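A.B. asks: First, the structure itself, so that you have it in front of you.
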Amino acid sequence: MIDLLNFHIIPGLVLGSIYALGAIGVSLVFGILRFANFAHGDTMTLGTYITYTFIHLTPLYGIVALPLALLIAVPAAMIATGLIVLIIDRLFYRPFRNSPVIIVVIASFGMMLMIRSSIEMIWGPQLKAMITGIQPPWFFFDTIRVLPKHVAILIAALVLMGIIHYLLSHTKIGKAMRAMADSPDLARVTGIDTERVVKATWMIGTALAVAAGVFLALDGQMKPLMGFSVLLAVFASAILGGIGRPYGAMAGGLVIGVAEELSTYPWIGDGPLLSPGYKAGVSFAIMVAMLIWRPNGLFKGKVF
Amino acid sequence: MLKTVKQVMLAGSMLAVAMTAASADDIVVGSAAGITGPIAELVAPIVAGRELAAKHVNEQGGLLDGDTLVLAHADSQCDPTAGVDAGNKLVNIEQSVAIIGASCSGATNGMVQSVTIPAGVMSISDSATAPSITELDDNDLVFRVAASDAYQGVALAQLAINAGYTKLAMTFSNDDYNAGIASVFEQAFKDLGGEITGSQMHEPEKQSYRSELSTLSGGGAEGLALFAYYGSSGITIVRNSLENGLFGKFLAADGMFDTSVIEQIGADALRGNIMITQAASDDANVSYQAYAAAYGPAYESQGYAASAPYAAHGYDAAFLVALAIEKAGSTDRAAMSAALREVASGPGTVIRPGEWAKAKAAIAAGEDINYEGAVGNNDFDANGDVTGMFSVNTVGDGEGYTTDLIR
Amino acid sequence: MEQLYGYFLYSLSLLTFGGIYAILCLGLNIQWGFTGLFNAGVAGFFAIGAYVSAILTAPESPRHLGGYDLPIPVGVFIAMVVCVPVAWAIGRVCIRLRSDYLAIATLGIAEIIRLVFKNELWATNGARGVSFVPKPFEAWDSPWDQIAMALVVLVIVALLYIAIELARTSPWGRLMAAIREDEPAALAAGKNVERFRLEAFVIGAVVMALGGAMMAHYIKFVDPKMAEPLKATFLVWVMLIAGGSGNNKGAILGAMLLWFIWSITETIAPIIIPDSFAHVVYPFHLVASWFLPEAWMATPIAPDPVTGLDSWDSKAPFLRVFLIGLALQIVLQKFSSGILPEQRLQSLADTDDASARAARSSPS
Amino acid sequence: MSVLELTDITGGYGETEILHSVSMRVDEKEIVVIIGPNGAGKSTAMKAVFGLLNLTAGTVRLNDKDITHLAPEQVVRKGVCYVPQVGNVFPNLSVEENLEMGAYVRTDDFGPRIQEMYELFPDLRTKRSEAAGALSGGQRQMVAMAKALMLDPKILLLDEPTAGLSPKYRGEIFRVVRDINSIGVAILMVEQNAKQALNIADRGYILVDGQNRMDDTGPALLSNPEVGEMFLGGGTDKAA
């Protein structure tokens, strides 16, 4: 039974918090810019590689330990990646603000190819590792084992979600973002500077994507397709929470992450309940079921 | 509309430029590889291996009358559709004499069945290992220097038994390569009296395999037979297992054979705990060393190791094609496959990697030659497969792999 | 001469691939262009068509279900028939979803379909795929086999074009357009909107299955990689949007043009990246290398000192993907309603719009 | 002097032309009502002020300054506030947050202004932390008007503020409109309830088929038999 906690629920929560951070960005962009951003996964990858470069670019890595280096490099990478995304928005998304949604979706698809190939050109297709070696787990009560990096990821994700909550409920720009997500037309005639809100949305969504990417790299490995490979699960999380609703996305991410891991627990007999080959399908199945039966997401009514 | 027409014409004229790129003194050999796509990191060193062979040929007198061997690259993306498209371009636009590749079994299957066999062009793959390629009705046009999974799976099973394993858990990545070799291994290990306590397919590119491994670890297995590409899931599985104490010992095939496994996991954690099989040559030390001595300095700065999976196969495939062209004495596509068989197998003067000048002289003198490649003697059987010898690679006292030939 | 003959054969393959994608595009055009159904699960129906036809026609194999040895047309036909209940079931539950939700739902379902083909080894040989799928006319001599294959595909495209054009101008098609333009009005006029949309969804899906089956027979091989969303769904969408959704000629043109770009850029990419490019970048890299640790750059940009290889050569494939992305952006910005925009049915614009307006504004 | 003046406005959405050379003006402290049949372009005329329309000809002037081509947020900064017919509150924001958004362009302390709004609309004070979407239709309309008033505008544009409301709330809204007007805000409103609207209006415009048909003072229009036949009698006329 303790295996369920150690090998299914805890990794599921870690994975889930990564999905959640990605899903918040997808959800915010969907809510405010009204399109499903296919380039979001590759934004995660880009942020991770930029973080990697910052760590190695400066003498940080040699002098201070990795956690401290990350504390400095990640925020820097968030800003750098955010600025890149703003340029992308200016060049490739803004011309389509008043066009049918499908056009921007296709544009974001083109962007996905462009970001990914840029990463492959600049950093190469080879694997890289944010963290090398084996990390021994911490034991609690002799049975619960948790990896230090997992503790760090969970805490960092919680802190980030707390910051997002504060931003959305207590700052002017955050409230304006929610207002624009509610009704973009009304936001315009109310005098809200919509382009500024759009910029804030990209910056916040990208910052979270960078964090999600770095956590992904800490837990697994870095490669050009890392972000794309979680994109659909991130979408599923955003849907589960009710797309356009950041708080829902947080919950959705955790549910999808844990559900994926639980689907292979030997609930009946010795074998996994579902062949692990279908693991990726779990998030899709949940997503489709949600769309059909609860299209407004888990939490009906309240959006924020 | 006029604008569109202009753009189309512009594209057309660029195409014309592209088509006249190869000059009269170039002999073009197609090189299809999954340069982009899911195993891009695996393919880059292989393509470098092919390029290295071409460079050796061109530095040491070139082909035939001093012609230059040019590799025309096409991206088969590890996808049958792209494989067919790549094959079409290499055969028809580049007018390749022969084709090296493609990388993945699926892309190779599509390319050879739909393009190269009907066109009568010989192909030689350096990394497609699926047994189904053996069964192709190929008019003796499809070869490969990578041993079929059928051989390596058995070798690994034998190795496991010899090392004293009786109960193993097994997991394999659900892709064309690993699923194939895993099924052969499972059968062979059972035939040799071993027990598979649990066998699970896993989906590559996931972030964590802890739940799968935890289920597998329940059966009292002594180790884990791991069939995966190191980049797609292999390293993650080893790390998840070690960090959580689920499995301590690993047996793996050549998809795992890369120095990045040691770099990322650390030699200390792997020492004495992992065995990886890889195709090797009879005279491993001579031929392989000759290849590695050239590959290392050329590509290490780009992060490619000579020991990268199938990089040596890439070298051998390209070198063999060059030998076949030289032997045939022309660029006639129809003469390639017979010439290939002649240069690959004994008896004859033994040629090793890097020895193009020697080979060219021997062929000119009318001698028979026998290429002993970096990865094996490359004696093709009736199906165009090599039986192959295998080496076992372990992490020894140092920071790298220690290689021993399996006898 | 041989070179010219090579171009000829290659252009046949361009036409065949382009034609198969045109079939997929026409299927999508029925769903999106005429009915407004945002189906992002093209790959699912593509996979059903490809696998069903392949398994029915391939010789017996111990690795997968098979040994039925049916003639190709029968296999293709059954593949299309099999697609009907599947598409109907998917449509039944998903069709009422709002556009982007429908997209994400169908995307998820297509992935589940692909996972089924990938995991049910007994039927499909899993990731290792189904080999030895027969190709029409393969017994003929080159180039007649390839000419015949290309012609078959083009004839199918032409027949589909005619059929869809006829349907578009028929009462059924006019109603479909009316539904897309103004669903409340159509509802108010007492039409069973959901049924008509479901019909369009199923018909589109069947056409996609036809495309999948043709692809399987052309490639002579099927594996789950062919049904990955990138190539089997997104590329088709890009083709349709670039060509002009709602316009059948645009769908065909988009498919042909985009496939042409997709395929030909590979040959062109090494040429449009001049060798000298590396030498332009080299000084910057050299200066940077005095300050920066080597680890952060994956690959030296300078020509490799030992091999003399310009390492940008190895980057050409990635640059190609970048250029495809960029080309797509340019097409979108220059032709936002596609190269051949939709031709509205004239009578529809006159009469139906007016009645739709009346229907919309009457209850106040 | 006129606060707002529309001259020969021609345009519509995309390619479709809805307004054909429409002109109207609102003087200081006036209540001006636009009435007309469905599809006459009443709301469209209002949107033209806000730069939400594709104009092919004509000018919009605010206090004699040309604002024809300003973006909506700039028009707001100039002191024009607009309450659309539907979707005029942010449903997922609380009442107070809605008011804060109304004051988005203000950089000073608008706390006192919020208190003033609660005095004008006492119902809202008790609902201040509830989501606006959860309120009744009439309360939502009040939130929308309070939100628009947060900027202390010179002129307020109201698009059918009483549509879909019960008679009780309808009267309430007309009372509030008069109150707002009495503190010096000019009002331009589109209304279906022509009789009630003309009752409180200083002047009125009648639009038909995107063209000016008639304009006069409120009382004059009320007593005009032609107007009575068209709008004040039995419901709305369908422009066939």
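Letters A, B, ... mark the chains of the structure tokens in the order given; residue numbers begin at 1 per chain; ligand numbers begin at 1, in order shown.
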Compile the residues of chain D that lie within 8 Å of chain A, evaluated using only C-alpha atoms, and express the compilation as a ChimeraX atom specification.
C.D. replies: /D:50,72-77,81-82,84,87-93,97,101-102,104-105,148
A.B. asks: So which bits of stretch 94-311 of chain B end up strand (DSSP E or B) when you DSSP the backbone, as a PyMOL selection string?
C.D. replies: chain B and resi 99-100+123-125+142-144+167-173+195-202+223-227+250-252+274-280
A.B. asks: Applying 7 Å and only C-alpha atoms, which residues near B:Ala374 remain after dropping the ones on its own chain fewer than 2 positions away? List them as a list in words.
C.D. replies: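 Here the answer would be Ser281, Ser287, Tyr288, Tyr291, Ala312, Asp316, Pro353, Glu372 and Gly376 of chain B.
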A.B. asks: Give the helix (DSSP H, G or I) residues of stretch 21-157 of chain D, as assigned by DSSP on the backbone, as a PyMOL selection string.
C.D. replies: chain D and resi 42-49+72-77+95-102+111-120+122-126+132-134+137-149
A.B. asks: What's around C:Ser11 at 12 Å? Count only C-alpha atoms, leave out sequence neighbours fewer than 3 positions away in its own chain, and write the answer as a ChimeraX atom specification.
C.D. replies: /B:85,88-89,92-93 /C:4-8,14-19,143,146-147,150,256,259-260,263-264
A.B. asks: Work out how far apart atom CA of C:Ala87 and atom CA of C:Arg114 are and give it in Å to one decimal.
C.D. replies: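 One can read the atom CA of C:Ala87 to atom CA of C:Arg114 distance as 14.7 Å.
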A.B. asks: Tell me, as a JSON list (two decimals) with N, CA and C atoms, in the first residue's frame, which residues lie within 9 Å of D:Ile34, counting only C-alpha atoms; anything in the same chain fewer than 3 positions away does not count.
C.D. replies:
```
[["chain", "number", "residue", "atom", "x", "y", "z"],
["D", 42, "LYS", "N", -29.68, 51.46, -34.74],
["D", 42, "LYS", "CA", -29.62, 52.30, -33.53],
["D", 42, "LYS", "C", -28.36, 52.00, -32.71],
["D", 43, "SER", "N", -28.18, 50.71, -32.37],
["D", 43, "SER", "CA", -27.01, 50.35, -31.58],
["D", 43, "SER", "C", -25.74, 50.60, -32.38],
["D", 188, "LEU", "N", -26.93, 59.65, -23.88],
["D", 188, "LEU", "CA", -27.45, 59.25, -25.18],
["D", 188, "LEU", "C", -27.88, 57.80, -25.03],
["D", 189, "MET", "N", -29.19, 57.53, -25.21],
["D", 189, "MET", "CA", -29.61, 56.15, -25.04],
["D", 189, "MET", "C", -30.46, 55.64, -26.19],
["D", 190, "VAL", "N", -30.28, 54.32, -26.46],
["D", 190, "VAL", "CA", -31.13, 53.63, -27.43],
["D", 190, "VAL", "C", -32.22, 52.95, -26.62],
["D", 191, "GLU", "N", -33.46, 53.07, -27.04],
["D", 191, "GLU", "CA", -34.52, 52.42, -26.28],
["D", 191, "GLU", "C", -35.59, 51.78, -27.15],
["D", 192, "GLN", "N", -36.09, 50.65, -26.67],
["D", 192, "GLN", "CA", -37.24, 50.01, -27.30],
["D", 192, "GLN", "C", -38.53, 50.58, -26.73],
["D", 194, "ALA", "N", -40.27, 53.15, -26.31],
["D", 194, "ALA", "CA", -40.17, 54.51, -26.82],
["D", 194, "ALA", "C", -40.94, 55.51, -25.96],
["D", 203, "ARG", "N", -34.52, 65.38, -26.13],
["D", 203, "ARG", "CA", -34.73, 65.28, -27.57],
["D", 203, "ARG", "C", -34.69, 63.82, -27.98],
["D", 204, "GLY", "N", -35.15, 63.53, -29.19],
["D", 204, "GLY", "CA", -35.10, 62.16, -29.68],
["D", 204, "GLY", "C", -34.79, 62.13, -31.16],
["D", 205, "TYR", "N", -34.18, 61.02, -31.60],
["D", 205, "TYR", "CA", -33.93, 60.78, -33.02],
["D", 205, "TYR", "C", -34.64, 59.51, -33.41],
["D", 206, "ILE", "N", -35.20, 59.50, -34.61],
["D", 206, "ILE", "CA", -35.80, 58.27, -35.12],
["D", 206, "ILE", "C", -34.98, 57.82, -36.32],
["D", 207, "LEU", "N", -34.44, 56.60, -36.22],
["D", 207, "LEU", "CA", -33.66, 56.04, -37.32],
["D", 207, "LEU", "C", -34.48, 54.94, -37.99]]
```
A.B. asks: Which neighbours of stretch 249-251 of chain C fall inside 6 Å, counting only C-alpha atoms, when residues of the same chain fewer than 2 positions from it are skipped, and could you give them as a ChimeraX atom specification?
C.D. replies: /C:25,240,243-244,247,253-254,340
A.B. asks: Tell me, as JSON, numbers by chain, which residues lie within 12 Å of C:Ala167, counting only C-alpha atoms; anything in the same chain fewer than 6 positions away does not count.
C.D. replies: {"C": [30, 34, 160, 161, 173, 174, 175, 176, 177, 200, 203, 248]}
A.B. asks: For B:Ser173, which residue among B:Cys78, B:Ala146, B:Ala228, B:Leu141 is the nearest when counting only C-alpha atoms?
C.D. replies: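 Comparing B:Cys78, B:Ala146, B:Ala228, B:Leu141 against B:Ser173, the winner is B:Ala228.
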A.B. asks: Looking at C:Arg168, C:Arg197, C:Arg180, C:Lys135, which one is nearest to C:Met215, with distances taken over only C-alpha atoms?
C.D. replies: C:Lys135
A.B. asks: Tell me as a PyMOL selection string which residues belonging to chain A come within 8 Å of chain C, counting only C-alpha atoms.
C.D. replies: chain A and resi 36+52-53+56-57+92+95+103+106-107+109-118+120-124+126+232+235+277-278+281+284-285+287-288+291-292
A.B. asks: Show me, as a tab-separated table, the residues of chain B having an atom within 6 Å of chain C, each with the closest atom pair and its distance in Å, using only C-alpha atoms.
C.D. replies:
```
residue	atom	partner	partner_atom	distance
B:Ala18	CA	C:Ile268	CA	5.8
B:Asp79	CA	C:Lys225	CA	5.9
B:Asn92	CA	C:Gly6	CA	4.0
B:Ile93	CA	C:Gly6	CA	5.6
B:Gly110	CA	C:Ile219	CA	5.4
B:Ser114	CA	C:Ile219	CA	5.4
B:Asp175	CA	C:Ala127	CA	4.9
B:Asp176	CA	C:Arg128	CA	4.2
B:Ala298	CA	C:Val306	CA	5.5
B:Gln302	CA	C:Thr299	CA	5.1
```
A.B. asks: Report, in Å to a single decimal, how far apart atom CA of B:Ile124 and atom CA of B:Ala48 are.
C.D. replies: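 Value for the atom CA of B:Ala48-atom CA of B:Ile124 distance: 16.3 Å.
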A.B. asks: Near chain A, meaning an atom within 8 Å, which residues of chain B appear when counting only C-alpha atoms? Write them as a short mmCIF file (atom, residue, chain, number, x, y, z; two decimals) with C-alpha atoms, in the first residue's frame.
C.D. replies:
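Below you can see iface_15.cif, which holds the result:
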```cif
data_model
loop_
_atom_site.label_atom_id
_atom_site.label_comp_id
_atom_site.auth_asym_id
_atom_site.auth_seq_id
_atom_site.Cartn_x
_atom_site.Cartn_y
_atom_site.Cartn_z
CA PRO B 38 11.84 11.39 -32.23
CA ALA B 40 17.19 13.01 -33.66
CA GLU B 41 19.79 12.81 -30.91
CA LEU B 42 20.56 9.23 -31.87
CA ALA B 44 23.20 12.82 -35.63
CA ASN B 174 6.74 0.75 -27.62
CA GLN B 200 5.65 -4.45 -19.63
CA MET B 201 5.50 -2.23 -22.61
CA HIS B 202 5.95 1.46 -21.86
CA GLU B 203 5.20 4.57 -23.84
CA GLU B 205 8.83 10.21 -23.85
CA LYS B 206 7.05 10.13 -20.51
CA GLN B 207 8.50 11.98 -17.56
CA SER B 208 8.36 9.24 -14.99
CA ARG B 210 8.13 4.97 -11.32
CA SER B 211 4.67 3.46 -11.31
CA GLU B 212 5.48 0.93 -14.03
CA SER B 214 7.10 -0.37 -8.98
CA THR B 215 4.63 -2.87 -10.43
CA GLY B 231 17.10 9.40 -24.86
CA THR B 236 14.79 7.98 -17.07
CA ARG B 239 17.37 6.83 -12.83
CA LEU B 242 18.09 3.51 -8.83
CA GLU B 243 16.70 6.50 -6.99
CA ASN B 244 13.83 4.49 -5.63
CA SER B 260 25.32 10.05 -21.95
CA GLU B 263 27.23 11.17 -17.86
CA GLN B 264 23.71 11.54 -16.59
CA ILE B 265 23.52 8.70 -14.09
CA GLY B 266 27.11 8.70 -12.93
CA ALA B 269 25.94 4.17 -9.57
CA GLY B 303 29.47 15.97 -28.64
#
```
